[in-house]
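Note sheet for the following structure.
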Amino acid sequence: MDLGKTTADTAKATMDTAKAAMPPPPTHTSPDDTYHSSDHEQARKRFRRARKRRHTWISSLCTLLGLVALGTAAVASPGWERVDSLFLDGAEFRAALPDLLRGFWLNIQMFLIAEVLILVLGLLIALIRVTRAPGLQPLRLAATVYVDVFRGVPTLLLVFLVGFGLPALRLQGTPSQPWVLGVIALVLSYAAYVGEVLRAGLNSVHPAQRNAARALGLGERQTLRYVVLPQAVRNVLPPLLNDFIALQKDTALVAVLGPLEALRAAQIKADYDFNYTPYLGAALLFIAVTIPLTRFADRLQRRAAQRTWAETGR
Amino acid sequence: MNQPLLRIRGVRKQYGSRLVLRSIDLDVAEHQVVCLIGGSGSGKSTLLRCVDLLEVVDDGTIHLGDSELTDPRLDPDTARRRIGIVFQAYNLFPHLSVLDNITLAPRRAHGVPRKRAEEEARELLSRFGLADKAKEHPDRLSGGQQQRAAIARALATRPELLLFDEITSALDPELVGEVLDVVEDLKQGGLTILMATHEMGFARHVADQVCFLENGVIVEQGSAQDVLTAPREQATQRFLARVLERS
Ligand SMILES: Nc1ncnc2c1ncn2[C@@H]1O[C@H](COP(=O)(O)OP(=O)(O)O)[C@@H](O)[C@H]1O
Ligand SMILES: [Mg+2]
């Protein structure tokens with residue numbers, strides 16, 4: 001972002017100078033070496049630092065107090081001992097962890113494969129739905145029906161339908177591994193959502209942008225690829241990432257078809273030992289991935305917002 | 001002796017390592033209009049944004065009346081309520097009617113009852129020739145009308161100081177006049193205004209003081225007459241020659 005701005009400034013400066021056809025005015029834009037901040041500024045900085053420290057203290061203290069209160073309430077509850085032994089069994093956790101991790105690796109693989117397919121299919125649907133070419137009317141209709149249907153069916157139900165229905169058709173070449181069927185179901189469901197998000201993004205790009213690109217001689221497809229689509233994606237990045245995070249969790253739905261992913265592995269272990277700790281372990285694994293993803297999404301969103309403001313804020 | 005309403009002393013602002021304002025000293029006395037002139041990127045907007053506390057200064061002080069705006073203990077919202085600002089691009093809220101745009105701050109931030117806020121807003125609108133636009137949404141207004149509505153919105157909270165940042169730069173030439181007329185009208189009404197502008201004719205005619213900025217430094221300041229017709233500094237002469245050549 002900084003880089004872009006600097007280049008733009010240089011370009012602007014060059015233009016100004018060219019217009020003036022005079023030696024450029026002396027530039028003072030680099031920080032001066034002789035500058036020392038005033039006492040007043042130093043006092044102000046000290047005050048801000050102190051206030052920040054105070055705020056950090058208060059927030060840490062509040063967090064700590066809250067956690068302690070929650071903890072005591074849990075431990076003091078009548079059923080605590082039972083919960084402790086059923087859900088928080090350290091030995092059980094250690095015993096289950098290898099299986100859970102192996103299972104979770106399958107979740108990650110399903111997530112990654114599904115993600116790529118969803119983006120491709122979702123983009124295709126979005127593009128079909130926003131084009132106005134009359135010849136594409138049947139495709140547009142199909143895309144609309146697709147979105148309506150697959151957004152309407154609960155994802156779990158879709159997993160069942162694809163997982164048991166598709167093999168039952170006994171078509172040539174249909175996959176039979178449960179995890180592949182699960183991925184297909186997830187792709188069908190999420191592509192409908194992502195397609196709608198992307199469509200909203202495409203519609204959010206101002207028509208003037210398209211005109212500007214066409215005026216520069218870019219073709220329909222180049223305009224889409226280099227001007228409209230990048231802005232569209234930028235505009236809908238937060239909801240898009242939101243869907244990805246949801247998808248990461250929903251890979252656990254495939255458990256109902258039987259592949260040994262994290263939830264299924266936890267279930268087997270839990271049933272065997274009559275202990276629920278493996279479920280908690282699986283939950284922790286999912287959290288360990290979704291929390292960084294969420295933070296990452298936040299950061300991207302902040303950056304995108306700053307950029308948008310920079311264009312209008314001055 | 002009365003001290004000036006706005007007192008800027010030694011204000012410095014940098015973005016990263018880029019020094020944008022070096023050490024700005026500037027006074028705006030009550031009922032005065034002070035124009036900031038200078039090339040694009042000279043720091044006019046940054047200075048105005050510092051005064052409105054949209055940016056945190058890196059050194060120096062800004063006083064408005066008796067209070068120091070740059071005091072970190074000061075609540076910026078309270079301070080901003082005493083200042084009205086209008087930007088180059090129309091910053092009207094597109095989802096609200098012109099009337100609601102104007103009454104929003106008085107009603108929500110100043111607790112003025114709806115009826116009174118609307119009465120006052122309509123008064124402002126008719127003063128600015130927009131009486132019939134009260135119920136329209138901003139997209140139905142011309143650029144000049146939008147900008148006048150934005151000024152009305154800034155005035156609705158009865159600010160002690162008005163900041164205008166190139167409010168006519170985005171307008172068609174024939175619309176510039178109607179907006180500048182409004183500003184002149186405000187000056188007659190005794191308001192205090194600090195504005196960045198490229199309209200040299202207007203500055204000469206209306207400003208009590210003109211400040212020429214270059215690379216974040218005030219190179220020259222004085223009466224409009226002195227700075228614009230008989231500039232002492234070479235940099236000012238160069239700038240004015242360039243501007244005049246363009247028009
Ligand atoms: N948010 C920002 N981050 C980095 N640089 C900025 C930012 N805002 C302004 N600048 C830089 O500060 C300088 C002064 O900008 P500005 O005050 O907008 O000038 P003017 O209003 O006189 O045209 C310019 O070089 C500009 O690129
Ligand atoms: Mg500016």
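Please note that chains go A, B, ... in the order of the structure tokens, that every chain numbers its residues from 1, and that ligands are numbered from 1 in the order shown.
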
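Using only C-alpha atoms and all ligand atoms as the basis for the distance check, residues found within 10 Å of ligand 2 are A:Arg314, B:Gly38, B:Gly39, B:Ser40, B:Gly41, B:Ser42, B:Gly43, B:Lys44, B:Ser45, B:Thr46, B:Leu47, B:Leu48, B:Arg49, B:Phe87, B:Gln88, B:Asp165, B:Glu166, B:Ile167, B:Ser169, B:Ala196, B:Thr197.
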
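Selecting chain B residues within 8 Å of chain A and counting only C-alpha atoms yields Ser17, Arg18, Leu19, Val20, Ser45, Asp58, Asp59, Gly60, Asp71, Pro72, Phe87, Gln88, Ala89, Asn215, Gly216, Ala235 and Arg242 of chain B.
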
Contacts of Val162 in chain A at 10 Å (only C-alpha atoms; same-chain gap of 6+ positions) as a ChimeraX atom specification
/A:168,178,181-186,188,257

Export of prior selection with C-alpha atoms as a CSV table (one decimal), in the first residue's frame:
```
chain,number,residue,atom,x,y,z
A,168,ALA,CA,-26.9,-46.3,-5.2
A,178,PRO,CA,-16.9,-41.9,1.6
A,181,LEU,CA,-18.6,-38.3,-1.6
A,182,GLY,CA,-18.5,-36.0,1.5
A,183,VAL,CA,-16.3,-33.5,-0.4
A,184,ILE,CA,-18.8,-33.6,-3.3
A,185,ALA,CA,-21.6,-32.8,-1.0
A,186,LEU,CA,-19.7,-30.0,0.7
A,188,LEU,CA,-22.4,-28.6,-3.9
A,257,LEU,CA,-20.5,-41.4,6.1
```

Quick check for you: according to DSSP on this backbone, which residues of range 4-175 of chain B are classed as helix (DSSP H, G or I)? Reply as an NGL selection string.
:B and (44-51 or 76-80 or 98-108 or 114-127 or 131-133 or 138-140 or 143-155 or 173-175)

I need the strand (DSSP E) residues of range 33-149 of chain B per DSSP on the backbone, written as JSON, numbers by chain.
{"B": [33, 34, 35, 36, 37, 59, 60, 61, 62, 63, 64, 67, 68, 83, 84, 85, 86]}

Can I get the selection written as a PDB file, in the first residue's frame, with C-alpha atoms?
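Result saved to again.pdb:
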```pdb
ATOM      1  CA  VAL B  33     -11.525  33.799   7.009  1.00  0.00           C
ATOM      2  CA  VAL B  34      -8.057  32.316   6.506  1.00  0.00           C
ATOM      3  CA  CYS B  35      -7.215  30.616   3.217  1.00  0.00           C
ATOM      4  CA  LEU B  36      -4.559  27.946   2.862  1.00  0.00           C
ATOM      5  CA  ILE B  37      -3.102  27.813  -0.612  1.00  0.00           C
ATOM      6  CA  ASP B  59       4.471  17.615  17.931  1.00  0.00           C
ATOM      7  CA  GLY B  60       3.186  21.082  18.686  1.00  0.00           C
ATOM      8  CA  THR B  61      -0.131  22.294  20.025  1.00  0.00           C
ATOM      9  CA  ILE B  62      -3.476  23.386  18.686  1.00  0.00           C
ATOM     10  CA  HIS B  63      -5.724  25.531  20.865  1.00  0.00           C
ATOM     11  CA  LEU B  64      -9.352  26.289  20.190  1.00  0.00           C
ATOM     12  CA  SER B  67      -8.912  24.338  25.388  1.00  0.00           C
ATOM     13  CA  GLU B  68      -5.937  22.538  23.963  1.00  0.00           C
ATOM     14  CA  ILE B  83     -15.766  22.311  14.815  1.00  0.00           C
ATOM     15  CA  GLY B  84     -17.493  21.815  11.480  1.00  0.00           C
ATOM     16  CA  ILE B  85     -15.635  20.352   8.521  1.00  0.00           C
ATOM     17  CA  VAL B  86     -16.532  19.942   4.835  1.00  0.00           C
TER      18      VAL B  86
END
```

Which residues are close to range 262-265 of chain A, i.e. within 6 Å by only C-alpha atoms, leaving aside same-chain residues fewer than 6 positions away? Reply as a PyMOL selection string.
chain A and resi 100+103-104+252+255+282

Those residues you just picked out, can you put them in a file as a PDB file, in the first residue's frame with all heavy atoms?
```pdb
ATOM      1  N   LEU A 100      -6.749 -38.802  16.697  1.00  0.00           N
ATOM      2  CA  LEU A 100      -7.433 -37.546  16.381  1.00  0.00           C
ATOM      3  C   LEU A 100      -6.639 -36.768  15.332  1.00  0.00           C
ATOM      4  O   LEU A 100      -7.196 -36.248  14.366  1.00  0.00           O
ATOM      5  CB  LEU A 100      -7.584 -36.688  17.642  1.00  0.00           C
ATOM      6  CG  LEU A 100      -8.586 -37.196  18.672  1.00  0.00           C
ATOM      7  CD1 LEU A 100      -8.650 -36.253  19.861  1.00  0.00           C
ATOM      8  CD2 LEU A 100      -9.969 -37.339  18.045  1.00  0.00           C
ATOM      9  N   GLY A 103      -6.947 -38.283  12.004  1.00  0.00           N
ATOM     10  CA  GLY A 103      -8.264 -37.967  11.465  1.00  0.00           C
ATOM     11  C   GLY A 103      -8.334 -36.528  10.995  1.00  0.00           C
ATOM     12  O   GLY A 103      -8.865 -36.225   9.927  1.00  0.00           O
ATOM     13  N   PHE A 104      -7.759 -35.642  11.794  1.00  0.00           N
ATOM     14  CA  PHE A 104      -7.857 -34.222  11.480  1.00  0.00           C
ATOM     15  C   PHE A 104      -7.118 -33.886  10.181  1.00  0.00           C
ATOM     16  O   PHE A 104      -7.508 -32.978   9.453  1.00  0.00           O
ATOM     17  CB  PHE A 104      -7.297 -33.399  12.641  1.00  0.00           C
ATOM     18  CG  PHE A 104      -7.649 -31.944  12.530  1.00  0.00           C
ATOM     19  CD1 PHE A 104      -8.973 -31.546  12.551  1.00  0.00           C
ATOM     20  CD2 PHE A 104      -6.661 -30.985  12.397  1.00  0.00           C
ATOM     21  CE1 PHE A 104      -9.312 -30.201  12.435  1.00  0.00           C
ATOM     22  CE2 PHE A 104      -6.986 -29.641  12.280  1.00  0.00           C
ATOM     23  CZ  PHE A 104      -8.318 -29.253  12.307  1.00  0.00           C
ATOM     24  N   ALA A 252     -16.473 -31.843   9.319  1.00  0.00           N
ATOM     25  CA  ALA A 252     -16.807 -32.868  10.313  1.00  0.00           C
ATOM     26  C   ALA A 252     -18.129 -33.549  10.007  1.00  0.00           C
ATOM     27  O   ALA A 252     -18.398 -34.655  10.480  1.00  0.00           O
ATOM     28  CB  ALA A 252     -16.839 -32.250  11.707  1.00  0.00           C
ATOM     29  N   ALA A 255     -18.405 -37.093   8.790  1.00  0.00           N
ATOM     30  CA  ALA A 255     -18.283 -38.209   9.741  1.00  0.00           C
ATOM     31  C   ALA A 255     -19.437 -39.197   9.609  1.00  0.00           C
ATOM     32  O   ALA A 255     -19.260 -40.401   9.792  1.00  0.00           O
ATOM     33  CB  ALA A 255     -18.216 -37.664  11.165  1.00  0.00           C
ATOM     34  N   ALA A 282     -11.015 -33.239  19.797  1.00  0.00           N
ATOM     35  CA  ALA A 282     -11.338 -32.903  18.408  1.00  0.00           C
ATOM     36  C   ALA A 282     -11.745 -31.441  18.303  1.00  0.00           C
ATOM     37  O   ALA A 282     -11.321 -30.716  17.393  1.00  0.00           O
ATOM     38  CB  ALA A 282     -12.463 -33.802  17.904  1.00  0.00           C
TER      39      ALA A 282
END
```

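Among the candidate residues B:Leu161, B:Leu213, B:Ala154, B:Ile24, the one lying nearest to ligand 1 is B:Leu213, with distances computed using only C-alpha atoms and all ligand atoms.
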
Which residues, written as a PyMOL selection string, have at least one atom at most 8 Å from Trp105 in chain A, with only C-alpha atoms counted and residues fewer than 4 positions away on the same chain left out?
chain A and resi 101+109+261-262

Restricting the output to N, CA, C and O atoms, write the selected residues as a PDB file, in the first residue's frame.
```pdb
ATOM      1  N   LEU A 101      -5.334 -36.688  15.540  1.00  0.00           N
ATOM      2  CA  LEU A 101      -4.503 -35.930  14.606  1.00  0.00           C
ATOM      3  C   LEU A 101      -4.549 -36.547  13.216  1.00  0.00           C
ATOM      4  O   LEU A 101      -4.689 -35.846  12.205  1.00  0.00           O
ATOM      5  N   GLN A 109      -7.327 -32.043   4.499  1.00  0.00           N
ATOM      6  CA  GLN A 109      -7.273 -32.371   3.069  1.00  0.00           C
ATOM      7  C   GLN A 109      -8.621 -32.125   2.401  1.00  0.00           C
ATOM      8  O   GLN A 109      -8.690 -31.539   1.324  1.00  0.00           O
ATOM      9  N   GLU A 261     -12.264 -39.285   9.857  1.00  0.00           N
ATOM     10  CA  GLU A 261     -11.789 -37.927  10.127  1.00  0.00           C
ATOM     11  C   GLU A 261     -11.884 -37.688  11.636  1.00  0.00           C
ATOM     12  O   GLU A 261     -12.252 -38.605  12.395  1.00  0.00           O
ATOM     13  N   ALA A 262     -11.570 -36.478  12.064  1.00  0.00           N
ATOM     14  CA  ALA A 262     -11.380 -36.237  13.496  1.00  0.00           C
ATOM     15  C   ALA A 262     -12.604 -36.592  14.339  1.00  0.00           C
ATOM     16  O   ALA A 262     -12.488 -37.260  15.372  1.00  0.00           O
TER      17      ALA A 262
END
```

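Comparing the minimum interatomic distances between ligand 1 and each of B:Leu171, B:Val217, B:Leu99, B:Val227, counting only C-alpha atoms and all ligand atoms, we find that B:Val217 sits nearest.
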
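Going from atom 2 (C, counted along the ligand's line) of ligand 1 to CA of Met195 in chain B covers 19.8 Å.
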
Of the listed residues B:Val56, B:Val28, B:Leu96, B:Leu186, that which approaches ligand 1 most closely, counting only C-alpha atoms and all ligand atoms:
B:Val56

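With only C-alpha atoms as the basis for measurement, B:Ile218 is the residue among B:Val98, B:Leu191, B:Leu141, B:Ile218 that approaches Arg9 in chain B most closely.
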